[in-house]
file data00.txt (compact mmCIF, C-alpha atoms (C1' of nucleotides))
# COMPACT_ATOMS: atom_id res chain seq x y z
CA MET A 1 115.59 42.61 80.30
CA LEU A 2 112.36 44.41 79.77
CA ARG A 3 113.63 47.03 82.13
CA VAL A 4 111.02 49.36 83.46
CA GLY A 5 112.12 51.97 85.97
CA LYS A 6 110.95 52.19 89.53
CA LEU A 7 108.75 55.16 88.73
CA THR A 8 106.84 53.05 86.22
CA ASP A 9 106.38 50.43 88.86
CA TYR A 10 105.08 53.02 91.29
CA ALA A 11 102.72 54.28 88.62
CA THR A 12 101.07 50.89 88.16
CA VAL A 13 100.58 50.51 91.88
CA ILE A 14 99.13 54.00 92.21
CA LEU A 15 96.83 53.59 89.24
CA SER A 16 95.61 50.24 90.45
CA ILE A 17 94.63 51.69 93.78
CA MET A 18 92.77 54.45 92.01
CA ALA A 19 91.09 52.03 89.63
CA LYS A 20 89.58 50.16 92.54
CA ASP A 21 87.95 53.32 93.88
CA LYS A 22 87.32 55.32 90.74
CA HIS A 23 85.41 58.27 92.15
CA HIS A 24 87.52 58.92 95.18
CA VAL A 25 89.80 61.95 94.88
CA PHE A 26 93.20 60.93 96.21
CA ALA A 27 95.52 63.58 97.61
CA ALA A 28 99.22 62.99 97.06
CA MET A 29 99.79 62.61 100.78
CA GLU A 30 97.03 60.06 101.04
CA MET A 31 98.61 58.03 98.27
CA ALA A 32 102.01 58.28 99.93
CA ALA A 33 100.51 56.83 103.10
CA LEU A 34 98.75 54.03 101.20
CA THR A 35 101.80 52.94 99.28
CA GLY A 36 104.70 53.79 101.58
CA ILE A 37 106.39 55.73 98.80
CA ALA A 38 107.92 59.07 99.84
CA LEU A 39 105.63 62.03 99.24
CA PRO A 40 107.86 63.95 96.80
CA THR A 41 108.27 60.85 94.68
CA VAL A 42 104.56 60.02 94.64
CA SER A 43 103.93 63.61 93.75
CA LYS A 44 106.33 63.45 90.85
CA VAL A 45 104.70 60.33 89.45
CA LEU A 46 101.23 61.82 89.80
CA LYS A 47 102.27 64.95 87.93
CA ILE A 48 103.70 62.92 85.10
CA LEU A 49 100.49 60.92 84.83
CA VAL A 50 98.44 64.12 84.70
CA ASN A 51 100.59 65.44 81.88
CA ALA A 52 100.04 62.20 80.02
CA LYS A 53 96.30 62.67 80.54
CA ILE A 54 96.03 59.38 82.35
CA LEU A 55 94.99 61.20 85.53
CA MET A 56 93.02 64.37 86.17
CA SER A 57 93.87 66.72 88.98
CA VAL A 58 91.73 68.89 91.22
CA ARG A 59 93.55 71.85 92.69
CA GLY A 60 93.02 73.61 95.96
CA ALA A 61 91.88 72.38 99.33
CA LYS A 62 90.13 68.99 99.11
CA GLY A 63 91.87 68.58 95.80
CA GLY A 64 93.77 65.55 94.56
CA TYR A 65 93.93 63.12 91.67
CA LEU A 66 91.59 60.73 89.95
CA LEU A 67 91.52 58.64 86.79
CA ALA A 68 90.90 60.59 83.59
CA GLY A 69 89.03 57.68 82.06
CA GLU A 70 87.78 54.16 82.56
CA PRO A 71 90.32 51.54 83.67
CA ASN A 72 89.67 49.49 80.53
CA GLY A 73 90.68 52.48 78.42
CA ILE A 74 94.08 52.93 80.04
CA THR A 75 96.64 50.64 78.46
CA VAL A 76 99.84 49.36 79.97
CA ALA A 77 101.63 50.73 76.92
CA ALA A 78 100.30 54.20 77.69
CA ILE A 79 101.48 53.98 81.28
CA ILE A 80 104.94 52.86 80.30
CA SER A 81 105.20 55.49 77.58
CA ALA A 82 104.18 58.20 80.03
CA LEU A 83 106.94 57.31 82.47
CA GLU A 84 109.70 56.13 80.17
CA GLY A 85 109.22 58.65 77.39
CA PRO A 86 108.56 57.91 73.74
CA ILE A 87 109.37 54.37 72.76
CA ALA A 88 112.93 54.81 71.62
CA LEU A 89 114.76 51.73 70.49
CA THR A 90 118.50 51.83 70.49
CA GLU A 91 119.31 54.27 67.74
CA CYS A 92 121.85 53.12 65.19
CA SER A 93 125.18 53.52 66.91
CA LEU A 94 127.29 52.34 64.01
CA SER A 95 128.72 54.56 61.31
CA LYS A 96 126.48 54.63 58.27
CA GLN A 97 128.93 52.94 55.94
CA ALA A 98 129.64 50.22 58.47
CA CYS A 99 125.91 49.77 58.92
CA THR A 100 125.28 49.23 55.24
CA ALA A 101 128.44 47.30 54.53
CA ALA A 102 128.15 45.12 57.58
CA SER A 103 124.49 44.34 57.02
CA GLY A 104 123.51 45.91 60.31
CA CYS A 105 120.56 47.77 58.86
CA GLY A 106 118.51 44.72 57.99
CA ILE A 107 118.92 43.54 61.54
CA ARG A 108 117.73 46.82 62.88
CA ALA A 109 114.61 46.68 60.74
CA ASN A 110 113.86 43.33 62.30
CA TRP A 111 114.46 44.76 65.75
CA HIS A 112 111.94 47.41 64.98
CA VAL A 113 109.37 44.80 64.08
CA ILE A 114 109.99 42.96 67.32
CA ASN A 115 109.72 46.08 69.42
CA GLN A 116 106.60 47.25 67.68
CA THR A 117 105.07 43.86 68.20
CA ILE A 118 105.78 43.97 71.88
CA TYR A 119 104.37 47.46 72.08
CA ASN A 120 101.19 46.31 70.40
CA ALA A 121 100.99 43.47 72.87
CA LEU A 122 101.29 45.87 75.79
CA ALA A 123 98.74 48.18 74.22
CA SER A 124 96.23 45.36 74.37
CA VAL A 125 96.46 45.07 78.16
CA THR A 126 94.60 47.64 80.23
CA LEU A 127 94.51 48.77 83.82
CA ALA A 128 91.28 46.82 84.17
CA ASP A 129 93.16 43.62 83.29
CA LEU A 130 95.92 44.50 85.72
CA ILE A 131 93.67 44.54 88.75
CA LYS A 132 92.17 41.15 87.95
CA PRO A 133 93.67 38.09 89.61
CA ALA A 134 96.78 36.93 87.75
CA VAL A 135 96.38 34.26 85.11
CA GLY A 136 98.47 31.11 85.09
CA LEU A 137 101.90 31.36 83.54
CA GLU A 138 101.44 28.24 81.47
CA GLU A 139 98.91 30.08 79.36
CA ALA A 140 101.24 32.96 78.69
CA TYR A 141 102.78 31.95 75.44
CA VAL A 142 102.81 34.15 72.37
CA PRO A 143 104.81 32.77 69.45
CA LEU A 144 106.42 35.78 67.85
CA ALA A 145 108.35 33.53 65.47
CA SER A 146 105.23 32.95 63.42
CA LEU A 147 105.82 36.39 61.99
CA TYR A 148 108.89 35.12 60.25
CA GLN A 149 107.42 32.10 58.52
CA MET B 1 110.52 51.39 76.43
CA LEU B 2 111.91 48.00 75.77
CA ARG B 3 115.31 49.42 76.47
CA VAL B 4 118.21 47.32 75.36
CA GLY B 5 121.70 48.66 75.97
CA LYS B 6 124.17 49.55 73.27
CA LEU B 7 126.20 46.45 73.96
CA THR B 8 123.18 44.30 73.17
CA ASP B 9 122.77 46.16 69.94
CA TYR B 10 126.41 45.58 69.09
CA ALA B 11 125.97 41.91 69.87
CA THR B 12 123.16 41.48 67.38
CA VAL B 13 125.19 43.16 64.67
CA ILE B 14 128.25 41.07 65.43
CA LEU B 15 126.31 37.83 65.57
CA SER B 16 124.51 38.59 62.33
CA ILE B 17 127.78 39.09 60.54
CA MET B 18 129.02 35.81 61.90
CA ALA B 19 125.81 34.02 61.00
CA LYS B 20 126.25 34.97 57.39
CA ASP B 21 129.69 33.36 57.27
CA LYS B 22 129.40 30.57 59.77
CA HIS B 23 132.73 28.84 59.34
CA HIS B 24 134.93 31.89 59.20
CA VAL B 25 136.92 32.55 62.36
CA PHE B 26 136.66 36.24 63.12
CA ALA B 27 139.40 37.94 65.10
CA ALA B 28 138.27 40.74 67.39
CA MET B 29 140.22 43.25 65.34
CA GLU B 30 138.61 42.06 62.15
CA MET B 31 135.18 42.51 63.67
CA ALA B 32 136.09 45.98 64.90
CA ALA B 33 137.06 46.93 61.34
CA LEU B 34 133.83 45.46 59.92
CA THR B 35 131.53 47.23 62.36
CA GLY B 36 133.37 50.44 63.20
CA ILE B 37 133.05 49.70 66.91
CA ALA B 38 136.18 50.34 68.98
CA LEU B 39 138.31 47.26 69.51
CA PRO B 40 138.14 47.10 73.33
CA THR B 41 134.38 47.33 73.17
CA VAL B 42 134.01 44.66 70.50
CA SER B 43 136.33 42.53 72.53
CA LYS B 44 134.21 42.97 75.61
CA VAL B 45 131.05 41.95 73.79
CA LEU B 46 132.72 38.91 72.27
CA LYS B 47 133.95 37.72 75.64
CA ILE B 48 130.50 38.04 77.12
CA LEU B 49 129.04 36.02 74.27
CA VAL B 50 131.63 33.29 74.78
CA ASN B 51 130.77 33.08 78.46
CA ALA B 52 127.13 32.73 77.50
CA LYS B 53 128.13 29.88 75.15
CA ILE B 54 126.69 31.70 72.17
CA LEU B 55 130.15 31.96 70.65
CA MET B 56 133.21 29.74 70.73
CA SER B 57 136.71 31.11 70.83
CA VAL B 58 139.96 29.88 69.35
CA ARG B 59 143.05 31.12 71.12
CA GLY B 60 146.49 31.83 69.82
CA ALA B 61 147.71 33.08 66.49
CA LYS B 62 145.04 32.73 63.76
CA GLY B 63 142.53 32.50 66.56
CA GLY B 64 139.24 34.30 66.84
CA TYR B 65 135.55 33.72 67.38
CA LEU B 66 132.80 31.77 65.69
CA LEU B 67 129.24 30.72 66.42
CA ALA B 68 128.85 27.93 68.95
CA GLY B 69 125.78 26.59 67.19
CA GLU B 70 123.43 27.01 64.27
CA PRO B 71 121.82 30.44 63.78
CA ASN B 72 118.36 28.94 64.16
CA GLY B 73 119.32 27.66 67.59
CA ILE B 74 120.38 31.04 68.95
CA THR B 75 117.38 32.97 70.24
CA VAL B 76 117.04 36.70 70.64
CA ALA B 77 116.09 36.06 74.25
CA ALA B 78 119.40 34.30 74.80
CA ILE B 79 121.34 37.18 73.28
CA ILE B 80 119.56 39.75 75.40
CA SER B 81 119.93 37.68 78.54
CA ALA B 82 123.65 37.28 77.91
CA LEU B 83 124.21 41.01 77.68
CA GLU B 84 121.64 42.35 80.11
CA GLY B 85 121.98 39.73 82.79
CA PRO B 86 119.22 37.53 84.16
CA ILE B 87 115.77 38.77 83.34
CA ALA B 88 115.09 40.85 86.41
CA LEU B 89 111.77 42.62 86.63
CA THR B 90 111.53 45.54 88.94
CA GLU B 91 111.71 43.97 92.35
CA CYS B 92 109.03 44.96 94.82
CA SER B 93 110.06 48.35 96.05
CA LEU B 94 107.19 48.81 98.45
CA SER B 95 107.18 47.77 102.06
CA LYS B 96 105.57 44.39 102.50
CA GLN B 97 102.61 45.61 104.52
CA ALA B 98 101.97 48.39 102.05
CA CYS B 99 102.22 45.90 99.24
CA THR B 100 99.60 43.60 100.71
CA ALA B 101 97.37 46.30 102.07
CA ALA B 102 97.53 48.44 98.98
CA SER B 103 96.86 45.54 96.61
CA GLY B 104 100.19 46.03 94.91
CA CYS B 105 101.05 42.36 94.93
CA GLY B 106 98.30 41.25 92.61
CA ILE B 107 99.50 43.81 90.13
CA ARG B 108 103.00 42.54 90.34
CA ALA B 109 101.86 39.01 89.60
CA ASN B 110 100.26 40.34 86.46
CA TRP B 111 103.44 42.17 85.57
CA HIS B 112 105.27 38.92 85.86
CA VAL B 113 102.88 37.29 83.43
CA ILE B 114 103.36 40.09 80.94
CA ASN B 115 107.13 39.97 81.19
CA GLN B 116 107.26 36.23 80.91
CA THR B 117 105.04 36.40 77.87
CA ILE B 118 107.32 38.87 76.20
CA TYR B 119 110.31 36.75 77.07
CA ASN B 120 108.66 33.73 75.50
CA ALA B 121 107.96 35.78 72.42
CA LEU B 122 111.61 36.79 72.15
CA ALA B 123 112.69 33.21 72.74
CA SER B 124 110.78 32.20 69.64
CA VAL B 125 112.84 34.47 67.38
CA THR B 126 116.29 33.25 66.37
CA LEU B 127 119.38 34.71 64.80
CA ALA B 128 118.35 32.99 61.58
CA ASP B 129 115.13 35.05 61.59
CA LEU B 130 117.06 38.20 62.29
CA ILE B 131 119.14 38.00 59.13
CA LYS B 132 116.12 37.50 56.93
CA PRO B 133 114.59 40.55 55.23
CA ALA B 134 112.27 42.40 57.62
CA VAL B 135 108.59 41.56 57.54
CA GLY B 136 105.92 44.23 57.15
CA LEU B 137 104.87 46.04 60.30
CA GLU B 138 101.18 45.61 59.60
CA GLU B 139 101.55 41.90 60.28
CA ALA B 140 103.21 42.45 63.61
CA TYR B 141 100.29 42.23 65.93
CA VAL B 142 100.13 39.92 68.90
CA PRO B 143 97.08 40.36 71.11
CA LEU B 144 98.32 39.81 74.62
CA ALA B 145 94.95 40.80 76.03
CA SER B 146 93.50 37.46 75.04
CA LEU B 147 95.29 36.06 78.07
CA TYR B 148 92.95 37.98 80.29
CA GLN B 149 89.64 36.89 78.86
C1' DT C 1 88.83 88.21 103.31
C1' DT C 2 92.14 85.52 105.08
C1' DT C 3 94.13 81.12 105.90
C1' DA C 4 95.14 76.52 105.00
C1' DA C 5 95.30 72.74 101.87
C1' DA C 6 96.64 71.06 97.81
C1' DT C 7 98.53 70.77 92.98
C1' DA C 8 101.98 72.89 89.10
C1' DG C 9 106.28 73.66 87.63
C1' DT C 10 111.16 74.00 87.67
C1' DA C 11 115.59 73.12 89.04
C1' DC C 12 118.89 70.73 91.54
C1' DT C 13 121.54 66.85 93.86
C1' DA C 14 122.85 62.27 94.61
C1' DA C 15 123.08 57.62 93.42
C1' DA C 16 123.20 53.90 90.29
C1' DA C 17 123.91 51.77 85.97
C1' DT C 18 126.30 51.62 81.65
C1' DA C 19 129.90 52.20 78.47
C1' DG C 20 134.31 52.21 77.43
C1' DT C 21 139.43 51.55 78.49
C1' DA C 22 143.71 49.56 80.20
C1' DC C 23 146.54 46.12 81.59
C1' DT C 24 148.34 41.56 82.69
C1' DG C 25 148.16 36.61 81.86
C1' DA C 26 147.63 32.36 79.01
C1' DA C 27 147.39 29.66 74.79
C1' DT C 28 148.63 28.55 70.14
C1' DT C 29 151.01 28.76 65.78
C1' DA C 30 154.84 29.46 62.86
C1' DT D 1 160.95 31.42 70.96
C1' DA D 2 158.54 35.20 69.16
C1' DA D 3 154.27 36.91 67.50
C1' DT D 4 149.43 36.75 67.67
C1' DT D 5 145.25 36.53 69.82
C1' DC D 6 141.94 35.46 73.47
C1' DA D 7 140.88 35.60 78.99
C1' DG D 8 140.16 38.01 82.92
C1' DT D 9 140.00 41.76 86.01
C1' DA D 10 139.84 46.23 87.47
C1' DC D 11 139.19 50.92 86.74
C1' DT D 12 137.25 55.47 85.02
C1' DA D 13 134.06 58.38 82.93
C1' DT D 14 129.65 59.22 81.31
C1' DT D 15 124.89 59.00 81.31
C1' DT D 16 120.63 58.00 83.21
C1' DT D 17 117.53 57.65 86.92
C1' DA D 18 115.74 58.60 91.34
C1' DG D 19 114.71 61.53 94.66
C1' DT D 20 114.38 66.27 96.85
C1' DA D 21 113.52 71.20 97.44
C1' DC D 22 111.42 75.31 96.58
C1' DT D 23 108.20 78.70 94.73
C1' DA D 24 103.87 79.81 92.51
C1' DT D 25 98.99 79.03 91.88
C1' DT D 26 94.39 77.51 92.90
C1' DT D 27 90.44 76.57 95.76
C1' DA D 28 87.62 75.59 99.95
C1' DA D 29 86.42 76.85 104.33
C1' DA D 30 86.61 79.59 108.54
call {"tool": "encode", "arguments": {"input": "data00.txt", "output": "structure tokens"}}
result
Amino acid sequence: MLRVGKLTDYATVILSIMAKDKHHVFAAMEMAALTGIALPTVSKVLKILVNAKILMSVRGAKGGYLLAGEPNGITVAAIISALEGPIALTECSLSKQACTAASGCGIRANWHVINQTIYNALASVTLADLIKPAVGLEEAYVPLASLYQ
Amino acid sequence: MLRVGKLTDYATVILSIMAKDKHHVFAAMEMAALTGIALPTVSKVLKILVNAKILMSVRGAKGGYLLAGEPNGITVAAIISALEGPIALTECSLSKQACTAASGCGIRANWHVINQTIYNALASVTLADLIKPAVGLEEAYVPLASLYQ
DNA sequence: TTTAAATAGTACTAAAATAGTACTGAATTA
DNA sequence: TAATTCAGTACTATTTTAGTACTATTTAAA
């Protein structure tokens, strides 16, 4: 439901490995070996992360990649945005008159609130949190409905 | 980023229209006219919603569709699940030894927490909320990070 | 200075998911 | 019994995503 692509998944794994050894410069091939992901694919993900300024790259022999900042400054929202593109909700696919007449627009405004809320939530979790041991699921409850009361 | 398909979008529009006129039996063709969505597509969405027990159907002449329950009992999570299938996170796409060795698994557990949290949040919003006027964005802040402290 | 190692960028191909359509069958009402 | 309307299935086309290939550029070391 919250569909994130495989590349995003790869990115979190790659970044987590880097976060645990912050000053090590990882070559793409090294990362491919560590994760089991094919080299061209790892390479693609790494390039995307550099463009998003989440990673820095060092070119030439002995080059590679390393985190551009501290793990607690890299948010999950930033990682997802880098891989999945700008946060685009479903754009209005109804004709404008149908939208207004059929009361679709008000719904969409509410959708936007929900999506923004979820984005904010993801922006509050960082790579540093991600490499901590997982918390218990029973604690993971955020009542979004309170926004509507 | 939180990508929901077009059909899910259609579903929210359709359900909102129905929620505003709870006892009216809407024929598929009527709904197509109201929304501007092509009849076969509306029909497809309606059938899916019936299977998910979000809608009831009345067959035969003068038949159609209507809500199976009260708007405040139909959650956004239920609507999304109906259209997008069971909430499937990205399944582990790394080899098992790489996963364990490369510390990917701990990350995935954290992913699961985040996804579950977002699901819970969506489960707290109902169709009744969705047809209310939208709330201001500045209020829409849910600090997920608190889970990690 | 040359060679090897490594990233940068672009473009392409293949596979998967999604959206939309068509058609046949079954139920209900008039 | 005829007309209306939903039920179900299967199919096709489109779009998105994943993955690959290739060339250029940069840097370290021999």
call {"tool": "atom_distance", "arguments": {"input": "data00.txt", "atom1": "atom CA of B:Ala61", "atom2": "atom CA of B:Thr41"}}
result
20.6 Å
call {"tool": "atom_distance", "arguments": {"input": "data00.txt", "atom1": "atom C1' of D:DC22", "atom2": "atom CA of A:Ile80"}}
result
28.5 Å
call {"tool": "closest_residue", "arguments": {"input": "data00.txt", "among": "A:Ala27, A:Ser124, A:Gly69, A:Asp129", "to": "A:Leu39", "atoms": "only C-alpha atoms"}}
result
A:Ala27
call {"tool": "closest_atom_pairs", "arguments": {"input": "data00.txt", "of": "chain A", "to": "chain D", "cutoff": "8 Å", "atoms": "all atoms listed in the file", "output": "Markdown table"}}
result
| residue | atom | partner | partner_atom | distance |
| --- | --- | --- | --- | --- |
| A:Gly5 | CA | D:DT17 | C1' | 7.9 |
| A:Pro40 | CA | D:DT20 | C1' | 6.9 |
| A:Thr41 | CA | D:DG19 | C1' | 6.5 |
| A:Arg59 | CA | D:DT26 | C1' | 5.7 |
| A:Gly60 | CA | D:DT27 | C1' | 3.9 |
| A:Ala61 | CA | D:DA28 | C1' | 5.4 |
| A:Lys62 | CA | D:DA28 | C1' | 7.1 |
call {"tool": "write_last_selection", "arguments": {"input": "data00.txt", "atoms": "C-alpha atoms", "output": "PDB file, in the frame of the given file"}}
result
ATOM      1  CA  GLY A   5     112.120  51.970  85.970  1.00  0.00           C
ATOM      2  CA  PRO A  40     107.860  63.950  96.800  1.00  0.00           C
ATOM      3  CA  THR A  41     108.270  60.850  94.680  1.00  0.00           C
ATOM      4  CA  ARG A  59      93.550  71.850  92.690  1.00  0.00           C
ATOM      5  CA  GLY A  60      93.020  73.610  95.960  1.00  0.00           C
ATOM      6  CA  ALA A  61      91.880  72.380  99.330  1.00  0.00           C
ATOM      7  CA  LYS A  62      90.130  68.990  99.110  1.00  0.00           C
TER       8      LYS A  62
END
call {"tool": "closest_residue", "arguments": {"input": "data00.txt", "among": "C:DA4, C:DT24, C:DC12, C:DA17", "to": "chain A", "atoms": "all atoms listed in the file"}}
result
C:DA4
call {"tool": "closest_residue", "arguments": {"input": "data00.txt", "among": "C:DA27, C:DA14, C:DA22, C:DA6", "to": "chain B", "atoms": "only C-alpha atoms (C1' of nucleotides)"}}
result
C:DA27
call {"tool": "interface_residues", "arguments": {"input": "data00.txt", "of": "chain C", "to": "chain B", "cutoff": "8 Å", "atoms": "all atoms listed in the file", "output": "list in words"}}
result
DT18, DG20, DT21, DA27, DT28 and DT29 of chain C
call {"tool": "atom_distance", "arguments": {"input": "data00.txt", "atom1": "atom C1' of C:DG25", "atom2": "atom CA of B:Gly85"}}
result
26.4 Å
call {"tool": "closest_residue", "arguments": {"input": "data00.txt", "among": "B:Ile37, B:Ala11, B:Val50, B:Val45", "to": "chain A", "atoms": "only C-alpha atoms"}}
result
B:Ile37
call {"tool": "closest_residue", "arguments": {"input": "data00.txt", "among": "A:Thr75, A:Met18, A:Thr35, A:Leu66", "to": "chain B", "atoms": "only C-alpha atoms"}}
result
A:Thr35
call {"tool": "closest_residue", "arguments": {"input": "data00.txt", "among": "A:Met29, A:Trp111, A:Leu83, A:Leu34", "to": "B:Thr8", "atoms": "only C-alpha atoms"}}
result
A:Trp111
call {"tool": "axis_aligned_box", "arguments": {"input": "data00.txt", "around": "stretch 116-129 of chain B", "padding_each_side": "3 Å", "output": "AutoDock Vina command-line options"}}
result
--center_x 112.2 --center_y 35.5 --center_z 71.2 --size_x 20.3 --size_y 12.7 --size_z 25.3
